[in-house]
Amino acid sequence: MAAEDKHTCYEGDSVQSFQFYLEKSGEHEAILQAVGKILPADFKRMAEGKSSLDVLGVGSGGGELDTQMLNLLQSTCPGVSLSTDIVEGSSELVDCFKALVKKTPSVQNVPFTWHVVHSEEYVKQGKAKADIKKFDFIHMIQMIYYVNDVEDTLKFYQSALKPNGRIMIIIEAENGGWDTLWNTFKKDLWTGAIQEYRSSRDVVASLKKLGMKFQEHDIPNSFDITECFDPTNETGRRLLNFMTAKDDFQNSFTPELRAEMLDVLRERCSTKKDGKIFFKSDLKMILIDA
């Protein structure tokens with residue numbers, strides 16, 4: 001979730017911080033496991049009677065999950081051609097995504113249209129057009145934190161669905177470790193790219209207010225943060241930087257506040273097993289109907 005500022009997510013050093021977090025957290029593996037179980041039935045329903053499917057990825061980052069989902073679509077719906085639009089505000093991550101496509105034979109025949117803009121600019125551009133492009137499947141993974149207006153975002157992307165289409169949102173779960181940490185320390189953490197932390201609670205509340213039909217699926221996950229409690233440990237230091245969206249956790253807060261955050265991380269955001277501390281990083285998959 002870390003990023004440099006409100007307008008530049010995951011550029012420069014924060015790209016490396018994000019990749020380091022992914023290596024340690026197992027988050028992508030947990031998401032892919034859930035996607036593999038839940039989405040094939042949806043994909044088959046979307047593809048019924050069609051020769052092609054249009055996919056939109058919003059906030060797709062370096063494309064690691066997108067390429068895997070395209071592979072799943074291809075294997076689930078053989079003979080159905082795919083086209084993909086990507087909306088991603090980080091030019092550095094778009095370059096990573098393009099490089100990944102070149103190394104992934106299964107998606108090299110999929111036409112990609114790249115929109116190197118943030119979601120809100122894409123929405124603004126879409127609203128200015130008489131006819132917006134429609135999609136069968138839109139996915140928004142770990143990006144809803146960065147939009148200013150959740151309801152407006154949901155309304156626009158639902159309007160961009162074809163009949164029988166689906167939006168998939170993946171976001172941190174209500175009452176998980178992230179939810180507890182970021183809402184406990186609002187004053188200190190809601191200061192950079194994420195100026196209003198959101199969990200599945202907020203998305204579900206918006207969907208209910210808008211009267212949209214949706215389903216929820218749990219994605220369990222946790223990762224070892226034991227090293228975060230050793231101030232001399234480099235892995236722990238880098239994890240804490242990412243988890244608090246700071247370049248330098250040790251020097252961004254007073255000693256008293258650091259101690260309070262570490263106590264909340266240990267006692268309220270985590271579970272203990274075999275002498276280790278595991279951060280509760282459960283996610284929620286939300287599927288929204290057209």
# chains A, B, ... in the order shown; residues from 1 in each chain; ligands from 1
$ closest_atom_pairs --of "region 116-178 of chain A" --to "region 247-267 of chain A" --cutoff "12 Å" --atoms "only C-alpha atoms" --output "CSV"
residue,atom,partner,partner_atom,distance
A:Gly176,CA,A:Leu265,CA,11.1
A:Gly177,CA,A:Leu265,CA,7.6
A:Trp178,CA,A:Leu265,CA,9.3
$ write_last_selection --atoms "all heavy atoms" --output "PDB file, in the first residue's frame"
ATOM      1  N   GLY A 176      -8.879  -6.683   9.771  1.00  0.00           N
ATOM      2  CA  GLY A 176      -7.585  -7.346   9.638  1.00  0.00           C
ATOM      3  C   GLY A 176      -6.483  -6.489  10.230  1.00  0.00           C
ATOM      4  O   GLY A 176      -6.715  -5.421  10.809  1.00  0.00           O
ATOM      5  N   GLY A 177      -5.241  -6.950  10.069  1.00  0.00           N
ATOM      6  CA  GLY A 177      -4.108  -6.230  10.632  1.00  0.00           C
ATOM      7  C   GLY A 177      -3.927  -4.844  10.048  1.00  0.00           C
ATOM      8  O   GLY A 177      -3.685  -3.868  10.780  1.00  0.00           O
ATOM      9  N   TRP A 178      -4.047  -4.728   8.715  1.00  0.00           N
ATOM     10  CA  TRP A 178      -3.915  -3.411   8.088  1.00  0.00           C
ATOM     11  C   TRP A 178      -4.993  -2.460   8.579  1.00  0.00           C
ATOM     12  O   TRP A 178      -4.723  -1.290   8.881  1.00  0.00           O
ATOM     13  CB  TRP A 178      -4.018  -3.535   6.566  1.00  0.00           C
ATOM     14  CG  TRP A 178      -2.876  -4.222   5.900  1.00  0.00           C
ATOM     15  CD1 TRP A 178      -2.875  -5.485   5.387  1.00  0.00           C
ATOM     16  CD2 TRP A 178      -1.566  -3.698   5.675  1.00  0.00           C
ATOM     17  NE1 TRP A 178      -1.648  -5.778   4.851  1.00  0.00           N
ATOM     18  CE2 TRP A 178      -0.823  -4.692   5.015  1.00  0.00           C
ATOM     19  CE3 TRP A 178      -0.954  -2.479   5.962  1.00  0.00           C
ATOM     20  CZ2 TRP A 178       0.505  -4.514   4.634  1.00  0.00           C
ATOM     21  CZ3 TRP A 178       0.371  -2.297   5.585  1.00  0.00           C
ATOM     22  CH2 TRP A 178       1.090  -3.300   4.930  1.00  0.00           C
TER      23      TRP A 178
END
$ residues_around --residues "region 48-54 of chain A" --least-positions-apart "3" --cutoff "10 Å" --atoms "only C-alpha atoms" --output "list in words"
Phe43, Lys44, Arg45, Leu73, Cys77, Pro78, Gly79, Val80, Ser81, Leu82, Ser83, Thr84, Asp85, Lys133, Lys134, Phe135, Asp136, Phe137, Ile138, Leu161, Lys162, Asn164 and Gly165 of chain A
$ residues_around --residues "Leu207 (chain A)" --least-positions-apart "6" --cutoff "8 Å" --atoms "only C-alpha atoms" --output "PDB file with N, CA, C and O atoms, in the first residue's frame"
ATOM      1  N   GLU A 151     -17.555   5.917  -4.322  1.00  0.00           N
ATOM      2  CA  GLU A 151     -18.852   5.715  -4.972  1.00  0.00           C
ATOM      3  C   GLU A 151     -18.818   6.121  -6.440  1.00  0.00           C
ATOM      4  O   GLU A 151     -19.341   5.406  -7.306  1.00  0.00           O
ATOM      5  N   LEU A 154     -16.931   3.417  -8.340  1.00  0.00           N
ATOM      6  CA  LEU A 154     -17.729   2.202  -8.531  1.00  0.00           C
ATOM      7  C   LEU A 154     -18.799   2.409  -9.599  1.00  0.00           C
ATOM      8  O   LEU A 154     -19.026   1.533 -10.452  1.00  0.00           O
ATOM      9  N   LYS A 213     -25.492  -5.095  -6.776  1.00  0.00           N
ATOM     10  CA  LYS A 213     -25.451  -6.498  -6.384  1.00  0.00           C
ATOM     11  C   LYS A 213     -23.994  -6.964  -6.363  1.00  0.00           C
ATOM     12  O   LYS A 213     -23.233  -6.685  -7.295  1.00  0.00           O
ATOM     13  N   PHE A 214     -23.629  -7.691  -5.293  1.00  0.00           N
ATOM     14  CA  PHE A 214     -22.237  -8.126  -5.171  1.00  0.00           C
ATOM     15  C   PHE A 214     -22.141  -9.374  -4.306  1.00  0.00           C
ATOM     16  O   PHE A 214     -23.077  -9.731  -3.590  1.00  0.00           O
TER      17      PHE A 214
END
$ residues_around --residues "Arg238 (chain A)" --least-positions-apart "5" --cutoff "10 Å" --atoms "only C-alpha atoms" --output "list in words"
Ser17, Phe18, Phe20, Tyr21, Glu227, Cys228, Asn233, Met243, Lys246, Asp247, Asp248 and Phe249 of chain A
$ write_last_selection --atoms "all heavy atoms" --output "mmCIF file, in the first residue's frame"
data_model
loop_
_atom_site.group_PDB
_atom_site.id
_atom_site.type_symbol
_atom_site.label_atom_id
_atom_site.label_comp_id
_atom_site.auth_asym_id
_atom_site.auth_seq_id
_atom_site.Cartn_x
_atom_site.Cartn_y
_atom_site.Cartn_z
ATOM 1 N N SER A 17 10.421 -1.175 -2.645
ATOM 2 C CA SER A 17 9.786 -1.459 -1.357
ATOM 3 C C SER A 17 8.578 -2.371 -1.534
ATOM 4 O O SER A 17 8.369 -3.321 -0.766
ATOM 5 C CB SER A 17 9.360 -0.141 -0.701
ATOM 6 O OG SER A 17 8.747 -0.368 0.549
ATOM 7 N N PHE A 18 7.793 -2.101 -2.565
ATOM 8 C CA PHE A 18 6.613 -2.909 -2.854
ATOM 9 C C PHE A 18 7.007 -4.328 -3.249
ATOM 10 O O PHE A 18 6.429 -5.315 -2.763
ATOM 11 C CB PHE A 18 5.814 -2.232 -3.976
ATOM 12 C CG PHE A 18 4.599 -2.990 -4.429
ATOM 13 C CD1 PHE A 18 3.636 -3.396 -3.522
ATOM 14 C CD2 PHE A 18 4.396 -3.276 -5.762
ATOM 15 C CE1 PHE A 18 2.500 -4.089 -3.940
ATOM 16 C CE2 PHE A 18 3.275 -3.960 -6.195
ATOM 17 C CZ PHE A 18 2.332 -4.373 -5.279
ATOM 18 N N PHE A 20 9.704 -5.906 -2.441
ATOM 19 C CA PHE A 20 10.225 -6.565 -1.241
ATOM 20 C C PHE A 20 9.078 -7.076 -0.371
ATOM 21 O O PHE A 20 9.108 -8.206 0.129
ATOM 22 C CB PHE A 20 11.087 -5.578 -0.452
ATOM 23 C CG PHE A 20 11.660 -6.145 0.813
ATOM 24 C CD1 PHE A 20 12.746 -7.006 0.775
ATOM 25 C CD2 PHE A 20 11.114 -5.827 2.054
ATOM 26 C CE1 PHE A 20 13.276 -7.532 1.945
ATOM 27 C CE2 PHE A 20 11.629 -6.353 3.214
ATOM 28 C CZ PHE A 20 12.724 -7.204 3.162
ATOM 29 N N TYR A 21 8.051 -6.243 -0.212
ATOM 30 C CA TYR A 21 6.882 -6.657 0.563
ATOM 31 C C TYR A 21 6.222 -7.893 -0.052
ATOM 32 O O TYR A 21 5.866 -8.835 0.656
ATOM 33 C CB TYR A 21 5.873 -5.506 0.639
ATOM 34 C CG TYR A 21 4.501 -5.958 1.095
ATOM 35 C CD1 TYR A 21 4.272 -6.278 2.431
ATOM 36 C CD2 TYR A 21 3.459 -6.094 0.179
ATOM 37 C CE1 TYR A 21 3.025 -6.716 2.846
ATOM 38 C CE2 TYR A 21 2.211 -6.532 0.596
ATOM 39 C CZ TYR A 21 2.006 -6.844 1.933
ATOM 40 O OH TYR A 21 0.773 -7.300 2.335
ATOM 41 N N GLU A 227 10.832 -10.187 12.713
ATOM 42 C CA GLU A 227 12.047 -9.369 12.574
ATOM 43 C C GLU A 227 11.769 -7.878 12.732
ATOM 44 O O GLU A 227 12.704 -7.096 12.946
ATOM 45 C CB GLU A 227 12.692 -9.656 11.211
ATOM 46 C CG GLU A 227 13.256 -11.067 11.118
ATOM 47 C CD GLU A 227 13.553 -11.473 9.681
ATOM 48 O OE1 GLU A 227 12.651 -11.358 8.844
ATOM 49 O OE2 GLU A 227 14.697 -11.904 9.427
ATOM 50 N N CYS A 228 10.494 -7.472 12.646
ATOM 51 C CA CYS A 228 10.169 -6.052 12.814
ATOM 52 C C CYS A 228 10.440 -5.555 14.225
ATOM 53 O O CYS A 228 10.527 -4.338 14.458
ATOM 54 C CB CYS A 228 8.697 -5.807 12.468
ATOM 55 S SG CYS A 228 8.294 -6.006 10.719
ATOM 56 N N ASN A 233 17.520 -5.241 12.641
ATOM 57 C CA ASN A 233 17.272 -6.188 11.552
ATOM 58 C C ASN A 233 16.843 -5.454 10.284
ATOM 59 O O ASN A 233 15.858 -4.711 10.292
ATOM 60 C CB ASN A 233 16.196 -7.196 11.978
ATOM 61 C CG ASN A 233 16.014 -8.305 10.966
ATOM 62 O OD1 ASN A 233 15.367 -8.112 9.945
ATOM 63 N ND2 ASN A 233 16.579 -9.464 11.254
ATOM 64 N N MET A 243 4.934 -0.965 5.634
ATOM 65 C CA MET A 243 3.661 -1.083 6.352
ATOM 66 C C MET A 243 3.152 0.258 6.861
ATOM 67 O O MET A 243 1.946 0.438 7.047
ATOM 68 C CB MET A 243 3.808 -2.095 7.485
ATOM 69 C CG MET A 243 4.041 -3.519 6.981
ATOM 70 S SD MET A 243 4.514 -4.666 8.278
ATOM 71 C CE MET A 243 2.929 -4.882 9.101
ATOM 72 N N LYS A 246 6.319 4.844 4.958
ATOM 73 C CA LYS A 246 7.358 5.834 5.227
ATOM 74 C C LYS A 246 8.675 5.374 4.618
ATOM 75 O O LYS A 246 8.936 4.183 4.489
ATOM 76 C CB LYS A 246 7.545 6.022 6.741
ATOM 77 C CG LYS A 246 6.298 6.470 7.493
ATOM 78 C CD LYS A 246 5.806 7.832 7.039
ATOM 79 C CE LYS A 246 4.565 8.272 7.802
ATOM 80 N NZ LYS A 246 3.999 9.515 7.266
ATOM 81 N N ASP A 247 9.514 6.334 4.266
ATOM 82 C CA ASP A 247 10.837 5.985 3.762
ATOM 83 C C ASP A 247 11.731 5.459 4.878
ATOM 84 O O ASP A 247 12.646 4.678 4.625
ATOM 85 C CB ASP A 247 11.509 7.209 3.128
ATOM 86 C CG ASP A 247 10.814 7.649 1.849
ATOM 87 O OD1 ASP A 247 10.217 6.776 1.174
ATOM 88 O OD2 ASP A 247 10.862 8.848 1.537
ATOM 89 N N ASP A 248 11.466 5.903 6.108
ATOM 90 C CA ASP A 248 12.333 5.525 7.234
ATOM 91 C C ASP A 248 11.496 5.491 8.509
ATOM 92 O O ASP A 248 11.310 6.503 9.177
ATOM 93 C CB ASP A 248 13.473 6.536 7.357
ATOM 94 C CG ASP A 248 14.482 6.157 8.438
ATOM 95 O OD1 ASP A 248 14.271 5.144 9.133
ATOM 96 O OD2 ASP A 248 15.486 6.877 8.564
ATOM 97 N N PHE A 249 10.979 4.313 8.854
ATOM 98 C CA PHE A 249 10.134 4.151 10.037
ATOM 99 C C PHE A 249 10.833 4.676 11.291
ATOM 100 O O PHE A 249 10.220 5.401 12.097
ATOM 101 C CB PHE A 249 9.769 2.680 10.217
ATOM 102 C CG PHE A 249 9.069 2.358 11.510
ATOM 103 C CD1 PHE A 249 7.709 2.599 11.653
ATOM 104 C CD2 PHE A 249 9.764 1.815 12.587
ATOM 105 C CE1 PHE A 249 7.052 2.308 12.834
ATOM 106 C CE2 PHE A 249 9.109 1.517 13.782
ATOM 107 C CZ PHE A 249 7.750 1.769 13.898
#
$ closest_residue --among "A:Ile171, A:Leu32, A:Met69, A:Leu39" --to "Val55 (chain A)" --atoms "only C-alpha atoms"
A:Met69
$ atom_distance --atom1 "CA of Asn175 (chain A)" --atom2 "CA of Leu283 (chain A)"
10.2 Å
$ residues_around --residues "Gln195 (chain A)" --least-positions-apart "3" --cutoff "10 Å" --atoms "only C-alpha atoms" --output "list in words"
Asp5, Lys6, Tyr145, Tyr146, Val147, Asn148, Lys186, Lys187, Leu189, Trp190, Thr191, Gly192 and Arg198 of chain A
$ write_last_selection --atoms "N, CA, C and O atoms" --output "CSV table (one decimal), in the first residue's frame"
chain,number,residue,atom,x,y,z
A,5,ASP,N,3.5,9.7,-3.1
A,5,ASP,CA,2.6,10.8,-2.8
A,5,ASP,C,1.3,10.6,-3.5
A,5,ASP,O,1.1,9.5,-4.2
A,6,LYS,N,0.4,11.5,-3.4
A,6,LYS,CA,-1.0,11.3,-3.9
A,6,LYS,C,-1.0,11.1,-5.4
A,6,LYS,O,-1.9,10.4,-5.9
A,145,TYR,N,-7.6,2.3,-2.5
A,145,TYR,CA,-7.1,3.2,-1.5
A,145,TYR,C,-6.7,4.6,-2.1
A,145,TYR,O,-6.7,5.6,-1.4
A,146,TYR,N,-6.4,4.6,-3.4
A,146,TYR,CA,-5.8,5.8,-4.0
A,146,TYR,C,-6.9,6.7,-4.7
A,146,TYR,O,-6.5,7.7,-5.3
A,147,VAL,N,-8.1,6.3,-4.7
A,147,VAL,CA,-9.1,7.1,-5.4
A,147,VAL,C,-9.7,8.1,-4.4
A,147,VAL,O,-9.8,7.8,-3.2
A,148,ASN,N,-10.2,9.2,-4.9
A,148,ASN,CA,-10.8,10.2,-4.0
A,148,ASN,C,-12.2,9.9,-3.6
A,148,ASN,O,-12.6,10.1,-2.5
A,186,LYS,N,-4.5,6.9,12.5
A,186,LYS,CA,-5.0,7.8,11.4
A,186,LYS,C,-4.1,9.0,11.3
A,186,LYS,O,-3.6,9.4,10.2
A,187,LYS,N,-4.0,9.7,12.4
A,187,LYS,CA,-3.3,11.0,12.4
A,187,LYS,C,-1.9,10.9,11.8
A,187,LYS,O,-1.4,11.9,11.2
A,189,LEU,N,-0.6,8.2,9.9
A,189,LEU,CA,-0.4,7.4,8.7
A,189,LEU,C,-1.1,7.9,7.5
A,189,LEU,O,-0.7,7.7,6.4
A,190,TRP,N,-2.2,8.6,7.7
A,190,TRP,CA,-3.1,9.1,6.6
A,190,TRP,C,-2.5,10.4,6.1
A,190,TRP,O,-3.2,11.5,6.1
A,191,THR,N,-1.2,10.4,5.7
A,191,THR,CA,-0.6,11.7,5.4
A,191,THR,C,0.1,11.8,4.0
A,191,THR,O,0.5,12.8,3.5
A,192,GLY,N,0.2,10.6,3.3
A,192,GLY,CA,0.8,10.6,2.0
A,192,GLY,C,-0.1,10.2,0.9
A,192,GLY,O,-1.1,10.8,0.7
A,198,ARG,N,-8.9,2.6,3.5
A,198,ARG,CA,-10.1,1.9,3.3
A,198,ARG,C,-9.9,0.4,3.4
A,198,ARG,O,-8.9,-0.1,2.9
$ atom_distance --atom1 "CA of Ile141 (chain A)" --atom2 "CA of Phe279 (chain A)"
19.9 Å
$ closest_residue --among "A:Glu121, A:Glu27, A:Asp230, A:Glu64" --to "Phe97 (chain A)" --atoms "only C-alpha atoms"
A:Glu64
$ atom_distance --atom1 "CA of Trp182 (chain A)" --atom2 "CA of Ala245 (chain A)"
10.3 Å
$ select_by_dssp --residues "region 4-241 of chain A" --states "alpha helix (DSSP H)" --output "ChimeraX atom specification"
/A:13-25,27-47,64-76,91-102,119-127,150-159,177-184,186-189,200-210,234-241
$ select_by_dssp --residues "region 9-233 of chain A" --states "strand (DSSP E)" --output "NGL selection string"
:A and (52-58 or 81-87 or 112-115 or 135-141 or 161-172 or 214-219 or 222-224)
$ write_last_selection --atoms "N, CA and C atoms" --output "short mmCIF file (atom, residue, chain, number, x, y, z; two decimals), in the first residue's frame"
data_model
loop_
_atom_site.label_atom_id
_atom_site.label_comp_id
_atom_site.auth_asym_id
_atom_site.auth_seq_id
_atom_site.Cartn_x
_atom_site.Cartn_y
_atom_site.Cartn_z
N SER A 52 -15.02 -13.51 -28.19
CA SER A 52 -13.95 -12.67 -27.63
C SER A 52 -14.41 -12.06 -26.31
N LEU A 53 -13.43 -11.71 -25.49
CA LEU A 53 -13.69 -11.06 -24.20
C LEU A 53 -12.76 -9.86 -24.07
N ASP A 54 -13.30 -8.77 -23.53
CA ASP A 54 -12.51 -7.57 -23.26
C ASP A 54 -12.28 -7.44 -21.75
N VAL A 55 -11.01 -7.25 -21.38
CA VAL A 55 -10.61 -7.21 -19.97
C VAL A 55 -9.99 -5.84 -19.68
N LEU A 56 -10.30 -5.29 -18.51
CA LEU A 56 -9.70 -4.03 -18.06
C LEU A 56 -9.06 -4.24 -16.70
N GLY A 57 -7.77 -3.95 -16.61
CA GLY A 57 -7.07 -3.96 -15.33
C GLY A 57 -6.83 -2.54 -14.86
N VAL A 58 -7.27 -2.22 -13.65
CA VAL A 58 -7.12 -0.87 -13.11
C VAL A 58 -6.13 -0.93 -11.93
N SER A 81 -10.94 -15.34 -27.92
CA SER A 81 -9.84 -14.38 -28.00
C SER A 81 -10.00 -13.31 -26.92
N LEU A 82 -8.88 -12.73 -26.50
CA LEU A 82 -8.88 -11.73 -25.44
C LEU A 82 -8.25 -10.44 -25.92
N SER A 83 -8.72 -9.33 -25.40
CA SER A 83 -8.03 -8.05 -25.53
C SER A 83 -8.03 -7.39 -24.15
N THR A 84 -6.97 -6.65 -23.88
CA THR A 84 -6.79 -6.11 -22.53
C THR A 84 -6.42 -4.64 -22.56
N ASP A 85 -7.11 -3.86 -21.75
CA ASP A 85 -6.73 -2.47 -21.48
C ASP A 85 -6.14 -2.42 -20.07
N ILE A 86 -5.09 -1.64 -19.89
CA ILE A 86 -4.44 -1.50 -18.59
C ILE A 86 -4.42 -0.02 -18.20
N VAL A 87 -4.92 0.27 -17.01
CA VAL A 87 -4.86 1.61 -16.44
C VAL A 87 -3.90 1.56 -15.25
N PHE A 112 -2.67 -5.47 -26.08
CA PHE A 112 -2.74 -4.62 -24.89
C PHE A 112 -2.88 -3.17 -25.32
N THR A 113 -3.76 -2.44 -24.64
CA THR A 113 -3.85 -0.99 -24.78
C THR A 113 -3.45 -0.38 -23.44
N TRP A 114 -2.42 0.46 -23.45
CA TRP A 114 -1.84 0.99 -22.21
C TRP A 114 -2.34 2.40 -21.95
N HIS A 115 -2.87 2.64 -20.77
CA HIS A 115 -3.30 3.97 -20.33
C HIS A 115 -2.43 4.33 -19.11
N PHE A 135 -16.45 -3.54 -21.09
CA PHE A 135 -15.61 -4.69 -20.79
C PHE A 135 -16.43 -5.83 -20.18
N ASP A 136 -15.95 -7.03 -20.40
CA ASP A 136 -16.57 -8.20 -19.79
C ASP A 136 -16.08 -8.40 -18.36
N PHE A 137 -14.82 -8.08 -18.12
CA PHE A 137 -14.22 -8.31 -16.80
C PHE A 137 -13.31 -7.15 -16.46
N ILE A 138 -13.56 -6.53 -15.31
CA ILE A 138 -12.74 -5.43 -14.82
C ILE A 138 -12.20 -5.83 -13.45
N HIS A 139 -10.89 -5.73 -13.27
CA HIS A 139 -10.34 -6.06 -11.95
C HIS A 139 -9.56 -4.88 -11.37
N MET A 140 -9.73 -4.71 -10.07
CA MET A 140 -9.14 -3.59 -9.33
C MET A 140 -8.55 -4.19 -8.05
N ILE A 141 -7.26 -4.50 -8.12
CA ILE A 141 -6.61 -5.22 -7.03
C ILE A 141 -5.75 -4.25 -6.22
N LEU A 161 -19.26 -1.94 -17.78
CA LEU A 161 -19.42 -3.39 -17.93
C LEU A 161 -20.39 -3.72 -19.06
N LYS A 162 -20.05 -4.77 -19.80
CA LYS A 162 -21.01 -5.33 -20.75
C LYS A 162 -22.04 -6.15 -19.98
N PRO A 163 -23.17 -6.49 -20.60
CA PRO A 163 -24.12 -7.39 -19.95
C PRO A 163 -23.43 -8.69 -19.52
N ASN A 164 -23.76 -9.16 -18.33
CA ASN A 164 -23.15 -10.35 -17.72
C ASN A 164 -21.69 -10.15 -17.30
N GLY A 165 -21.21 -8.90 -17.37
CA GLY A 165 -19.84 -8.62 -16.94
C GLY A 165 -19.72 -8.60 -15.43
N ARG A 166 -18.48 -8.58 -14.98
CA ARG A 166 -18.20 -8.55 -13.54
C ARG A 166 -17.01 -7.65 -13.25
N ILE A 167 -17.09 -6.95 -12.12
CA ILE A 167 -15.94 -6.25 -11.54
C ILE A 167 -15.43 -7.08 -10.38
N MET A 168 -14.12 -7.25 -10.31
CA MET A 168 -13.50 -7.89 -9.14
C MET A 168 -12.65 -6.85 -8.41
N ILE A 169 -12.99 -6.61 -7.16
CA ILE A 169 -12.17 -5.75 -6.29
C ILE A 169 -11.52 -6.65 -5.24
N ILE A 170 -10.22 -6.48 -5.05
CA ILE A 170 -9.54 -7.14 -3.94
C ILE A 170 -8.94 -6.06 -3.06
N ILE A 171 -9.23 -6.17 -1.76
CA ILE A 171 -8.87 -5.12 -0.81
C ILE A 171 -8.63 -5.77 0.55
N GLU A 172 -7.92 -5.07 1.42
CA GLU A 172 -7.68 -5.59 2.76
C GLU A 172 -9.01 -5.79 3.50
N PHE A 214 -23.63 -7.69 -5.29
CA PHE A 214 -22.24 -8.13 -5.17
C PHE A 214 -22.14 -9.37 -4.31
N GLN A 215 -20.99 -10.03 -4.39
CA GLN A 215 -20.67 -11.17 -3.56
C GLN A 215 -19.33 -10.91 -2.87
N GLU A 216 -19.14 -11.52 -1.71
CA GLU A 216 -17.88 -11.40 -0.99
C GLU A 216 -17.25 -12.78 -0.81
N HIS A 217 -15.91 -12.83 -0.93
CA HIS A 217 -15.17 -14.06 -0.70
C HIS A 217 -13.94 -13.73 0.14
N ASP A 218 -13.65 -14.55 1.14
CA ASP A 218 -12.48 -14.34 2.00
C ASP A 218 -11.22 -14.86 1.32
N ILE A 219 -10.12 -14.13 1.51
CA ILE A 219 -8.80 -14.58 1.07
C ILE A 219 -7.88 -14.55 2.29
N SER A 222 -1.38 -14.41 5.97
CA SER A 222 -0.60 -13.85 7.08
C SER A 222 0.87 -13.97 6.71
N PHE A 223 1.71 -13.17 7.36
CA PHE A 223 3.14 -13.30 7.11
C PHE A 223 3.93 -12.95 8.37
N ASP A 224 5.14 -13.46 8.42
CA ASP A 224 5.99 -13.37 9.60
C ASP A 224 6.59 -11.96 9.71
#
$ residues_around --residues "Asp152 (chain A)" --least-positions-apart "5" --cutoff "12 Å" --atoms "only C-alpha atoms" --output "PyMOL selection string"
chain A and resi 119-120+123-124+127+144+147+157-159+203+206-207+209-210
$ write_last_selection --atoms "N, CA, C and O atoms" --output "JSON list (two decimals), in the first residue's frame"
[["chain", "number", "residue", "atom", "x", "y", "z"],
["A", 119, "SER", "N", -6.47, 6.08, -12.10],
["A", 119, "SER", "CA", -7.87, 5.73, -12.32],
["A", 119, "SER", "C", -8.74, 6.97, -12.48],
["A", 119, "SER", "O", -9.61, 7.02, -13.36],
["A", 120, "GLU", "N", -8.53, 7.97, -11.65],
["A", 120, "GLU", "CA", -9.42, 9.13, -11.69],
["A", 120, "GLU", "C", -9.30, 9.89, -13.01],
["A", 120, "GLU", "O", -10.29, 10.43, -13.51],
["A", 123, "VAL", "N", -11.24, 7.81, -15.51],
["A", 123, "VAL", "CA", -12.67, 8.03, -15.30],
["A", 123, "VAL", "C", -13.08, 9.38, -15.91],
["A", 123, "VAL", "O", -14.10, 9.48, -16.61],
["A", 124, "LYS", "N", -12.29, 10.40, -15.66],
["A", 124, "LYS", "CA", -12.58, 11.74, -16.21],
["A", 124, "LYS", "C", -12.63, 11.70, -17.73],
["A", 124, "LYS", "O", -13.53, 12.26, -18.36],
["A", 127, "LYS", "N", -15.79, 9.83, -18.89],
["A", 127, "LYS", "CA", -17.02, 10.61, -18.76],
["A", 127, "LYS", "C", -17.16, 11.67, -19.86],
["A", 127, "LYS", "O", -18.27, 12.09, -20.18],
["A", 144, "ILE", "N", -8.06, 0.62, -4.53],
["A", 144, "ILE", "CA", -9.17, 1.50, -4.16],
["A", 144, "ILE", "C", -8.76, 2.51, -3.09],
["A", 144, "ILE", "O", -9.46, 3.50, -2.85],
["A", 147, "VAL", "N", -8.13, 6.28, -4.72],
["A", 147, "VAL", "CA", -9.13, 7.13, -5.39],
["A", 147, "VAL", "C", -9.74, 8.09, -4.37],
["A", 147, "VAL", "O", -9.82, 7.79, -3.18],
["A", 157, "TYR", "N", -17.13, 2.45, -13.22],
["A", 157, "TYR", "CA", -16.66, 1.16, -13.74],
["A", 157, "TYR", "C", -17.82, 0.18, -13.94],
["A", 157, "TYR", "O", -17.77, -0.63, -14.86],
["A", 158, "GLN", "N", -18.86, 0.27, -13.11],
["A", 158, "GLN", "CA", -20.01, -0.58, -13.39],
["A", 158, "GLN", "C", -20.66, -0.18, -14.72],
["A", 158, "GLN", "O", -21.12, -1.05, -15.48],
["A", 159, "SER", "N", -20.67, 1.11, -15.02],
["A", 159, "SER", "CA", -21.24, 1.58, -16.29],
["A", 159, "SER", "C", -20.41, 1.12, -17.48],
["A", 159, "SER", "O", -20.89, 1.13, -18.61],
["A", 203, "VAL", "N", -15.85, -0.39, 1.12],
["A", 203, "VAL", "CA", -16.34, -0.72, -0.22],
["A", 203, "VAL", "C", -17.74, -1.31, -0.13],
["A", 203, "VAL", "O", -18.65, -0.94, -0.90],
["A", 206, "SER", "N", -20.33, 1.33, 0.50],
["A", 206, "SER", "CA", -20.62, 2.10, -0.71],
["A", 206, "SER", "C", -21.50, 1.31, -1.67],
["A", 206, "SER", "O", -22.44, 1.86, -2.26],
["A", 207, "LEU", "N", -21.22, 0.02, -1.83],
["A", 207, "LEU", "CA", -22.01, -0.81, -2.73],
["A", 207, "LEU", "C", -23.46, -0.91, -2.25],
["A", 207, "LEU", "O", -24.40, -0.85, -3.06],
["A", 209, "LYS", "N", -25.03, 1.29, -0.41],
["A", 209, "LYS", "CA", -25.65, 2.61, -0.59],
["A", 209, "LYS", "C", -26.07, 2.81, -2.04],
["A", 209, "LYS", "O", -27.13, 3.41, -2.31],
["A", 210, "LEU", "N", -25.26, 2.29, -2.98],
["A", 210, "LEU", "CA", -25.55, 2.44, -4.40],
["A", 210, "LEU", "C", -26.56, 1.40, -4.91],
["A", 210, "LEU", "O", -27.02, 1.48, -6.05]]
$ closest_residue --among "A:Ala34, A:Ala290, A:Glu234, A:Thr226" --to "Ile277 (chain A)" --atoms "only C-alpha atoms"
A:Thr226
$ residues_around --residues "Gly89 (chain A)" --least-positions-apart "2" --cutoff "8 Å" --atoms "only C-alpha atoms" --output "PyMOL selection string"
chain A and resi 8-9+59+87+91+115-119
